[in-house]
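Following: one structure in structure tokens, then a few remarks.
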Amino acid sequence: MSEHRLPERDRPWMMRTYAGHSTAKASNELYRRNLEKGQTGLSVAFDLPTQTGYDADDELARGEVGKVGVPIAHRGDMATLMDGIPLGEMNTSMTINATAAWLLALYIVAAENQGVDQSRLQGTTQNDIIKEFLARGTYAFPPAPSMRLIADMIAYTVEHVPRWNPINICSYHLQEAGATPVQEIAFAMSNAIAVLDAARERLQSSPSPRAEELMGQVFGRISFFVNAGVRFVEEHAKLRAMGILWEELGRERYGVSDARHLRFRYGVQVNSLGLTEAQPENNVQRIVLEALAVTIGRDARARAIQLPAWNEALGLPRPWDQQWSLRIQQILAYETDILDYPDIFEGSKVMDGLVAELLEGARAEMAVVAEHGGAVQAVPYMKAALVDSHRERIARIEAGEQTVVGQNRFTETEPSPLTADAEGGILVVDPAVEAEQIEALRRWRSQRDQAAVDAALADLARAAADPEQNLMEPTIAAARAGATTGEWAATLREVFGSYRAPTGVGEAAAAPPSGEGAAARELAELRERVAELSERLGRRPKILVGKPGLDGHSNGAEQIAVRARDAGMDVVYEGIRLTPSQIAASALQEGVHVIGLSILSGSHRELIPAVMQALRDAGVQAPVVVGGIIPEQDVQPLKDAGVAAVYTPKDFEITRIVRDIVELVGERAALAASA
Amino acid sequence: MGEGAELGRRLAARDLTAAPAALNLLESTAPGDRAQAAALLGEVSPANLAGEAPGHVIGVTGPPGAGKSTLLSALLRGWRERGATVALLAVDPSSRRSGGSLLGDRARIEFDPGDRGVFIRSTAAGERLGGIAWGTRAAAQALAAAFDVVVIETVGVGQAETEVGEVADTVVVVVQPGSGDVLQFLKSGIMEIPDLLVVTKADLGQVALSARRDLGAAARSLGTRSTRVLAVSSLSPPSGIEELLDALAERWLTLRADDGAELAARRLRARRAGALLDFAVEYGERGLRALGGRHAAERWLASLDPALDEAALTAALEERMSGDGPNGS
């Protein structure tokens, strides 16, 4: 038998598509179609209200219902979502974090109603709250109770839902927020340590004689959700390095010896950050190469893959766009020969060298996080480090040091037939969905046994107040009784308090006041303009930067804030999850000259006009600029609503955007002076 | 009537909606605006109000990470529950290298955007070292005419509480357990003794208790007044917040006892010191020499009408320097 061929071809990884939108019914139809096309697992995308623990009729949910995922408010919605899908056999991944315990409870109850016992359920709840504080923003509770919820879920599932992965440690979102490979590895591993330490404490607090054995099982159930960028050789090395560190951690820190438990298991969604709005068809090549990074070497191959669609920088993908990405996976698995061989990098000097380099860097960075007192304590440090890395990445692209084909090089293009249709080649969620969901929710509330719901929520509140109790049981009881997502989260918010994560921008290092190259010259020139404008205005131009709605992807807003500061502006950074009235109150009280808003969730059609109205009501005259994933056909309607300028992912030159903003302030000041 | 005077009149009539425009004016360094700002301050001067402005000006300072924003969120809620209107001036120390600043504090303070009784304004620290920026001092004086409580939040330890003490009626220093530097600064005299010391994160238990005890001992051994040391926790369930609110209310009563003699004296000192500071920044050593030196200037200021506002005092110093003042010679 030859050593360079496997005796038997490997089985392919699990293939999923991150999907869900509008309603539970529409998403259920989509899932069934996807499974017919050869998808082998489900990956549920929830809308932002569900992810952050609000019902559709909450003020904060406005414009967000059914947008980036499916709204699931109660066990009835979950039953509809999974209708006709045999939960005993399906493997379901749920991108859910702050409210993970609740959605798992709904899933368990939906399975019960299908006659499937929870012990047979397979799947994953993402449940990684630290990266929500760092990068994704859909947290609901303060760090300590959030970690407790995770530990409770781990302790519960290891006993009762043993084939469930209670948590996916996510390095994916760290890369999206700008992490270098070293940071991605180190922060993810540090995060895993925080989770495992909390789980160990939870297990030891209950007098089970099996505590030690359970710890091995817990370790074995922790999986990762990683990212892969287009530098796919280094990215593959990154995954090998993570495997080595993981095994080391298991043996040394947690005393795990069973080889099965020590295996580094991961799922992947490849890089969305590098996908461009300009010449979007090129994203297909990027996605293929990134998928190769996680499949090519057998020793560090993904267990499950979901690929983004070519048009993610434009808006929400349609079923056809997602099918194209599924076909990429199927071609890799069934047409190419990558599954025929043992690990093809074994003995490779380049691969070993890259792995050693990454390991060294990651260990050093993990030590820094440990010095801060571990991942939970180090959130402000890690956040600031990510903002800095992302700023450097953008600066390299702006300066042309890092090539992005179609964006900063080879930009001449023929018109794309892919975006020629009326909607611009994306999915547009029917705005009527929100009203329908609110109506359905009210019907649900009026038809359920209110006394049973009240009693279940009172039990939940009591359990939450007692740190010794596991919250999973009362959560499942509340799910059975018919409570809603918003009610579950509100009950816990009442006990745990609410929380706003650090923004990282205050700590971000200042740009050097002078430097070489065109970018530094451009910034220096802009500072001059700001200084002149300051004299004309009598004070520094002041900008309010923030994100309306529930979308927590704050990278863009943070980068604008930091650059505006570097240009000499006074920047009031408001962070995420703002209501229109909050924005108006802040703009008025702060006396800002201009307002910059960022939205990536597709809710701009509803939210921006609402913000404009709130500003008018408050008597704020400062102009508004909007950035985010704004489809071309939405730009004019936003301008008609009074927005002064709109920026999309193709506007990657941040200094130029800030210069536009400074000029806008100057023009308005001149107008006011002449009036 | 000019814009400044109009805004000042509205503040004096406790019209809270005048606050944003008033602050825009007071922060401005444009020559025309400075005249308007002086007019505004004239309207809220003790002379015009027939007494000191009714708002309690409280300086809250402490090292980064001590939990000031969380504490302030809780205090805001508490004051609103007690029916007091509150203005918060958050002074951000962020880098001035580019001249720009990132004012992130607002994002950390919880407030109800629909509540007209709360006003929060972030400002960058002054471009010069030492002292609270003119705009912030002026803002505190003006807002105290309209709001029941005016908080100036600054960051730092050592110099910060002295700076905020130049303008605040009450200075609160916030420390977290285990931060030994505050204790050291107190003992070595680098730090002036504040009116109230607040130890946050009381939920940490023993560490917080001993921090509170050590600070109390240090304050007693050094102080001539009785500085109170309180422990608070803003973790759910919060504790110590009501006690802190009570202590601040008590302090305010004390300041206003005897027809507000202590308050008047403190504010008068602050206005005179502020005017001289502002004058010195504007005209430097040469300006001070023209007044016969710093001490002579101080003595002369002390001879002026105590009901004059800070801008009027600065203007008087300028006139005296040019030799055409009321007592010019």
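Chains: A, B, ... in order of the structure tokens. Residues: from 1 per chain. Ligands: from 1, in order shown.
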
Given only C-alpha atoms, how would the per-residue table for chain B near chain A read, listing every residue at most 10 Å away with its closest atom pair and distance in Å to one decimal, sorted by chain and number, as a Markdown table?
| residue | atom | partner | partner_atom | distance |
| --- | --- | --- | --- | --- |
| B:Thr17 | CA | A:Gln589 | CA | 9.3 |
| B:Ala19 | CA | A:Gln589 | CA | 7.6 |
| B:Pro20 | CA | A:Gln589 | CA | 5.1 |
| B:Ala21 | CA | A:Gly591 | CA | 7.3 |
| B:Ala22 | CA | A:Gly591 | CA | 9.7 |
| B:Leu23 | CA | A:Gly591 | CA | 7.7 |
| B:Asn24 | CA | A:Gly591 | CA | 6.1 |
| B:Leu25 | CA | A:Gly538 | CA | 8.8 |
| B:Leu26 | CA | A:Arg539 | CA | 9.9 |
| B:Glu27 | CA | A:Arg539 | CA | 6.6 |
| B:Ser28 | CA | A:Gly538 | CA | 4.5 |
| B:Thr29 | CA | A:Gly538 | CA | 4.7 |
| B:Ala30 | CA | A:Gly538 | CA | 4.2 |
| B:Pro31 | CA | A:Gly538 | CA | 8.0 |
| B:Gly32 | CA | A:Gly538 | CA | 9.2 |
| B:Asp33 | CA | A:Gly538 | CA | 7.7 |
| B:Arg34 | CA | A:Gly538 | CA | 9.3 |
| B:Thr70 | CA | A:Tyr499 | CA | 9.7 |
| B:Asp92 | CA | A:Gly506 | CA | 9.6 |
| B:Pro93 | CA | A:Gly506 | CA | 9.9 |
| B:Ser94 | CA | A:Gly506 | CA | 7.2 |
| B:Ser95 | CA | A:Ala510 | CA | 7.2 |
| B:Arg96 | CA | A:Gly568 | CA | 8.4 |
| B:Arg97 | CA | A:Pro513 | CA | 6.9 |
| B:Ser98 | CA | A:Gly568 | CA | 5.2 |
| B:Gly99 | CA | A:Gly568 | CA | 4.7 |
| B:Gly100 | CA | A:Gly568 | CA | 3.5 |
| B:Ser101 | CA | A:Asp570 | CA | 4.8 |
| B:Leu102 | CA | A:Val571 | CA | 4.8 |
| B:Leu103 | CA | A:Val572 | CA | 4.7 |
| B:Gly104 | CA | A:Tyr573 | CA | 5.1 |
| B:Asp105 | CA | A:Tyr573 | CA | 8.0 |
| B:Arg106 | CA | A:Glu574 | CA | 6.3 |
| B:Ala107 | CA | A:Glu574 | CA | 4.7 |
| B:Arg108 | CA | A:Arg500 | CA | 6.5 |
| B:Ile109 | CA | A:Arg500 | CA | 8.8 |
| B:Glu110 | CA | A:Arg500 | CA | 8.8 |
| B:Phe111 | CA | A:Gln582 | CA | 9.0 |
| B:Asp112 | CA | A:Gln582 | CA | 7.8 |
| B:Pro113 | CA | A:Gln582 | CA | 4.9 |
| B:Gly114 | CA | A:Ser581 | CA | 7.0 |
| B:Asp115 | CA | A:Ala585 | CA | 9.2 |
| B:Arg116 | CA | A:Ala585 | CA | 9.1 |
| B:Val118 | CA | A:Gln589 | CA | 9.5 |
| B:Phe119 | CA | A:Gln589 | CA | 6.4 |
| B:Ile120 | CA | A:Gln589 | CA | 6.2 |
| B:Arg121 | CA | A:Glu590 | CA | 5.1 |
| B:Ser122 | CA | A:Glu590 | CA | 6.5 |
| B:Thr123 | CA | A:Asp570 | CA | 8.2 |
| B:Ala124 | CA | A:Asp570 | CA | 7.3 |
| B:Ser234 | CA | A:Gly497 | CA | 9.4 |
| B:Leu235 | CA | A:Gly497 | CA | 7.6 |
| B:Ser236 | CA | A:Phe496 | CA | 6.0 |
| B:Pro237 | CA | A:Val495 | CA | 7.9 |
| B:Pro238 | CA | A:Gly497 | CA | 9.7 |

Write the residues of the selection above to a file with C-alpha atoms, as an mmCIF file, in the first residue's frame.
data_model
loop_
_atom_site.group_PDB
_atom_site.id
_atom_site.type_symbol
_atom_site.label_atom_id
_atom_site.label_comp_id
_atom_site.auth_asym_id
_atom_site.auth_seq_id
_atom_site.Cartn_x
_atom_site.Cartn_y
_atom_site.Cartn_z
ATOM 1 C CA THR B 17 -33.375 73.818 26.680
ATOM 2 C CA ALA B 19 -28.090 74.532 27.581
ATOM 3 C CA PRO B 20 -26.878 73.176 24.185
ATOM 4 C CA ALA B 21 -26.663 76.585 22.497
ATOM 5 C CA ALA B 22 -25.150 78.123 25.636
ATOM 6 C CA LEU B 23 -22.402 75.512 25.609
ATOM 7 C CA ASN B 24 -21.713 76.032 21.894
ATOM 8 C CA LEU B 25 -21.121 79.675 22.677
ATOM 9 C CA LEU B 26 -19.058 79.175 25.832
ATOM 10 C CA GLU B 27 -16.762 76.685 24.105
ATOM 11 C CA SER B 28 -16.107 79.005 21.190
ATOM 12 C CA THR B 29 -12.881 80.949 20.932
ATOM 13 C CA ALA B 30 -14.062 83.127 18.052
ATOM 14 C CA PRO B 31 -13.640 86.821 19.063
ATOM 15 C CA GLY B 32 -17.298 87.713 18.511
ATOM 16 C CA ASP B 33 -18.415 84.703 20.495
ATOM 17 C CA ARG B 34 -16.222 85.604 23.451
ATOM 18 C CA THR B 70 -20.834 53.217 35.943
ATOM 19 C CA ASP B 92 -11.932 63.677 28.177
ATOM 20 C CA PRO B 93 -8.181 63.572 28.517
ATOM 21 C CA SER B 94 -7.530 61.810 25.212
ATOM 22 C CA SER B 95 -4.485 62.577 23.154
ATOM 23 C CA ARG B 96 -4.099 66.088 21.917
ATOM 24 C CA ARG B 97 -1.231 65.223 19.575
ATOM 25 C CA SER B 98 -3.315 65.705 16.463
ATOM 26 C CA GLY B 99 -5.399 68.323 18.177
ATOM 27 C CA GLY B 100 -8.361 65.985 17.861
ATOM 28 C CA SER B 101 -9.990 63.965 20.583
ATOM 29 C CA LEU B 102 -12.116 60.885 20.985
ATOM 30 C CA LEU B 103 -14.850 61.462 23.472
ATOM 31 C CA GLY B 104 -15.975 57.961 24.282
ATOM 32 C CA ASP B 105 -17.451 58.584 27.680
ATOM 33 C CA ARG B 106 -20.945 59.291 26.535
ATOM 34 C CA ALA B 107 -21.244 55.719 25.294
ATOM 35 C CA ARG B 108 -20.496 54.473 28.802
ATOM 36 C CA ILE B 109 -23.091 56.511 30.624
ATOM 37 C CA GLU B 110 -26.650 55.264 30.633
ATOM 38 C CA PHE B 111 -29.375 57.824 30.320
ATOM 39 C CA ASP B 112 -32.910 58.109 29.071
ATOM 40 C CA PRO B 113 -32.771 60.120 25.841
ATOM 41 C CA GLY B 114 -36.349 61.268 26.307
ATOM 42 C CA ASP B 115 -35.599 62.805 29.713
ATOM 43 C CA ARG B 116 -35.294 66.594 29.356
ATOM 44 C CA VAL B 118 -30.581 65.364 31.949
ATOM 45 C CA PHE B 119 -27.948 67.104 29.872
ATOM 46 C CA ILE B 120 -24.637 65.417 28.987
ATOM 47 C CA ARG B 121 -21.840 67.182 27.178
ATOM 48 C CA SER B 122 -18.413 65.756 26.355
ATOM 49 C CA THR B 123 -15.524 68.123 26.032
ATOM 50 C CA ALA B 124 -11.883 67.664 25.244
ATOM 51 C CA SER B 234 -22.983 49.167 40.858
ATOM 52 C CA LEU B 235 -23.248 45.450 40.216
ATOM 53 C CA SER B 236 -26.778 44.210 40.591
ATOM 54 C CA PRO B 237 -28.070 44.692 43.251
ATOM 55 C CA PRO B 238 -26.316 48.067 43.571
#

Sel. of alpha helix (DSSP H) residues, range 161-206 of chain A, as JSON, numbers by chain: {"A": [172, 173, 174, 175, 176, 181, 182, 183, 184, 185, 186, 187, 188, 189, 190, 191, 192, 193, 194, 195, 196, 197, 198, 199, 200, 201, 202, 203, 204, 205]}

Members of range 66-286 of chain B assigned strand (DSSP E) by DSSP, as number ranges by chain: B: 86-92, 101-103, 118-124, 149-155, 170-175, 196-199, 228-231

Okay, now the selection with C-alpha atoms, as a PDB file, in the first residue's frame?
ATOM      1  CA  VAL B  86     -28.601  67.095  36.214  1.00  0.00           C
ATOM      2  CA  ALA B  87     -25.992  68.434  33.803  1.00  0.00           C
ATOM      3  CA  LEU B  88     -22.885  66.334  33.257  1.00  0.00           C
ATOM      4  CA  LEU B  89     -19.714  67.740  31.725  1.00  0.00           C
ATOM      5  CA  ALA B  90     -17.468  64.830  30.783  1.00  0.00           C
ATOM      6  CA  VAL B  91     -13.934  66.110  30.268  1.00  0.00           C
ATOM      7  CA  ASP B  92     -11.932  63.677  28.177  1.00  0.00           C
ATOM      8  CA  SER B 101      -9.990  63.965  20.583  1.00  0.00           C
ATOM      9  CA  LEU B 102     -12.116  60.885  20.985  1.00  0.00           C
ATOM     10  CA  LEU B 103     -14.850  61.462  23.472  1.00  0.00           C
ATOM     11  CA  VAL B 118     -30.581  65.364  31.949  1.00  0.00           C
ATOM     12  CA  PHE B 119     -27.948  67.104  29.872  1.00  0.00           C
ATOM     13  CA  ILE B 120     -24.637  65.417  28.987  1.00  0.00           C
ATOM     14  CA  ARG B 121     -21.840  67.182  27.178  1.00  0.00           C
ATOM     15  CA  SER B 122     -18.413  65.756  26.355  1.00  0.00           C
ATOM     16  CA  THR B 123     -15.524  68.123  26.032  1.00  0.00           C
ATOM     17  CA  ALA B 124     -11.883  67.664  25.244  1.00  0.00           C
ATOM     18  CA  VAL B 149     -26.747  69.377  39.981  1.00  0.00           C
ATOM     19  CA  VAL B 150     -23.780  70.013  37.679  1.00  0.00           C
ATOM     20  CA  VAL B 151     -21.172  67.263  37.520  1.00  0.00           C
ATOM     21  CA  ILE B 152     -17.716  67.785  36.065  1.00  0.00           C
ATOM     22  CA  GLU B 153     -16.122  64.422  35.377  1.00  0.00           C
ATOM     23  CA  THR B 154     -12.346  64.376  34.883  1.00  0.00           C
ATOM     24  CA  VAL B 155      -9.782  61.611  34.699  1.00  0.00           C
ATOM     25  CA  THR B 170     -17.611  69.509  46.160  1.00  0.00           C
ATOM     26  CA  VAL B 171     -14.845  67.181  45.028  1.00  0.00           C
ATOM     27  CA  VAL B 172     -15.418  63.436  44.885  1.00  0.00           C
ATOM     28  CA  VAL B 173     -12.477  61.131  44.204  1.00  0.00           C
ATOM     29  CA  VAL B 174     -13.356  57.670  42.920  1.00  0.00           C
ATOM     30  CA  VAL B 175     -10.945  54.788  43.448  1.00  0.00           C
ATOM     31  CA  LEU B 196     -15.674  62.603  49.563  1.00  0.00           C
ATOM     32  CA  LEU B 197     -13.756  59.435  48.756  1.00  0.00           C
ATOM     33  CA  VAL B 198     -15.694  56.697  47.014  1.00  0.00           C
ATOM     34  CA  VAL B 199     -14.416  53.141  46.805  1.00  0.00           C
ATOM     35  CA  ARG B 228     -16.143  60.786  54.320  1.00  0.00           C
ATOM     36  CA  VAL B 229     -15.191  57.483  52.722  1.00  0.00           C
ATOM     37  CA  LEU B 230     -18.007  55.496  51.124  1.00  0.00           C
ATOM     38  CA  ALA B 231     -18.081  52.127  49.414  1.00  0.00           C
TER      39      ALA B 231
END

Separation of CA of Gln621 in chain A from CA of Val594 in chain A, in Å and rounded to one decimal: 8.7 Å

Could you list, with a cut-off of 10 Å and counting only C-alpha atoms, the residues of range 213-275 of chain B near range 292-305 of chain B, each shown with its nearest atom pair and the distance in Å rounded to one decimal, rows sorted by chain and ascending number, as a tab-separated table?
residue	atom	partner	partner_atom	distance
B:Leu268	CA	B:Ala302	CA	9.1
B:Arg269	CA	B:Ala302	CA	8.8
B:Arg271	CA	B:Leu301	CA	9.9
B:Arg272	CA	B:Leu301	CA	6.6
B:Ala273	CA	B:Glu298	CA	8.0
B:Ala275	CA	B:Leu301	CA	9.0

Please, could you write that set of residues out with C-alpha atoms as a PDB file, in the first residue's frame?
ATOM      1  CA  LEU B 268     -15.781  83.753  44.971  1.00  0.00           C
ATOM      2  CA  ARG B 269     -12.295  82.278  45.419  1.00  0.00           C
ATOM      3  CA  ARG B 271     -14.063  83.006  40.200  1.00  0.00           C
ATOM      4  CA  ARG B 272     -11.106  85.174  41.165  1.00  0.00           C
ATOM      5  CA  ALA B 273      -8.601  82.374  40.662  1.00  0.00           C
ATOM      6  CA  ALA B 275     -10.143  85.039  36.109  1.00  0.00           C
TER       7      ALA B 275
END

For Ile193 in chain A, find every residue with an atom within 9 Å (counting only C-alpha atoms), except residues of its own chain fewer than 6 positions away, and show them as an mmCIF file with N, CA and C atoms, in the first residue's frame.
data_model
loop_
_atom_site.group_PDB
_atom_site.id
_atom_site.type_symbol
_atom_site.label_atom_id
_atom_site.label_comp_id
_atom_site.auth_asym_id
_atom_site.auth_seq_id
_atom_site.Cartn_x
_atom_site.Cartn_y
_atom_site.Cartn_z
ATOM 1 N N LEU A 249 -3.063 22.628 25.504
ATOM 2 C CA LEU A 249 -3.923 23.194 26.533
ATOM 3 C C LEU A 249 -4.695 22.092 27.263
ATOM 4 N N ARG A 253 -3.299 22.092 30.938
ATOM 5 C CA ARG A 253 -4.100 22.906 31.847
ATOM 6 C C ARG A 253 -5.280 22.134 32.414
ATOM 7 N N GLY A 374 -6.729 37.373 32.150
ATOM 8 C CA GLY A 374 -7.553 36.457 31.365
ATOM 9 C C GLY A 374 -8.452 37.195 30.388
ATOM 10 N N ALA A 375 -9.138 36.426 29.527
ATOM 11 C CA ALA A 375 -9.857 37.019 28.400
ATOM 12 C C ALA A 375 -10.971 37.977 28.832
#

Contacts of Ala66 in chain B within 9 Å, only C-alpha atoms, excl. fewer than 3 positions in-chain, as number ranges by chain: B: 62-63, 69, 174-177, 179, 199-201

Who sits within 12 Å of Gly178 in chain B, only C-alpha atoms, same chain under 6 positions skipped, as a ChimeraX atom specification: /B:66,184,199-202,204-215

6 Å contact set for Gly596 in chain A, only C-alpha atoms, chain neighbours under 2 positions out, as an MDAnalysis selection string: chainID A and resid 545 624:626

Who sits within 9 Å of Arg202 in chain A, only C-alpha atoms, same chain under 3 positions skipped, as a PyMOL selection string: chain A and resi 148+151-152+154-155+197-199+205-206+468

Preceding selection exported with C-alpha atoms as an mmCIF file, in the first residue's frame:
data_model
loop_
_atom_site.group_PDB
_atom_site.id
_atom_site.type_symbol
_atom_site.label_atom_id
_atom_site.label_comp_id
_atom_site.auth_asym_id
_atom_site.auth_seq_id
_atom_site.Cartn_x
_atom_site.Cartn_y
_atom_site.Cartn_z
ATOM 1 C CA ARG A 148 -22.345 31.937 33.922
ATOM 2 C CA ALA A 151 -21.078 27.473 31.968
ATOM 3 C CA ASP A 152 -24.662 26.484 32.799
ATOM 4 C CA ILE A 154 -22.044 23.382 29.114
ATOM 5 C CA ALA A 155 -22.847 21.653 32.398
ATOM 6 C CA ASP A 197 -12.144 27.671 33.576
ATOM 7 C CA ALA A 198 -15.738 28.778 34.158
ATOM 8 C CA ALA A 199 -17.044 25.340 33.142
ATOM 9 C CA SER A 205 -19.432 23.160 42.397
ATOM 10 C CA SER A 206 -21.835 20.247 41.945
ATOM 11 C CA GLU A 468 -25.717 28.103 42.514
#

Between CA of Asp430 in chain A and CA of Thr485 in chain A, distance in Å (one decimal):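 Value for the CA of Asp430 in chain A-CA of Thr485 in chain A distance: 22.5 Å.
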
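With only C-alpha atoms as the atoms that count, the residue of B:Leu317, B:Trp79, B:Ala264, B:Ala138 with the shortest distance to Ala280 in chain B is B:Leu317.
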
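Here CA of Leu30 in chain A is placed at a distance of 7.6 Å from CA of Pro319 in chain A.
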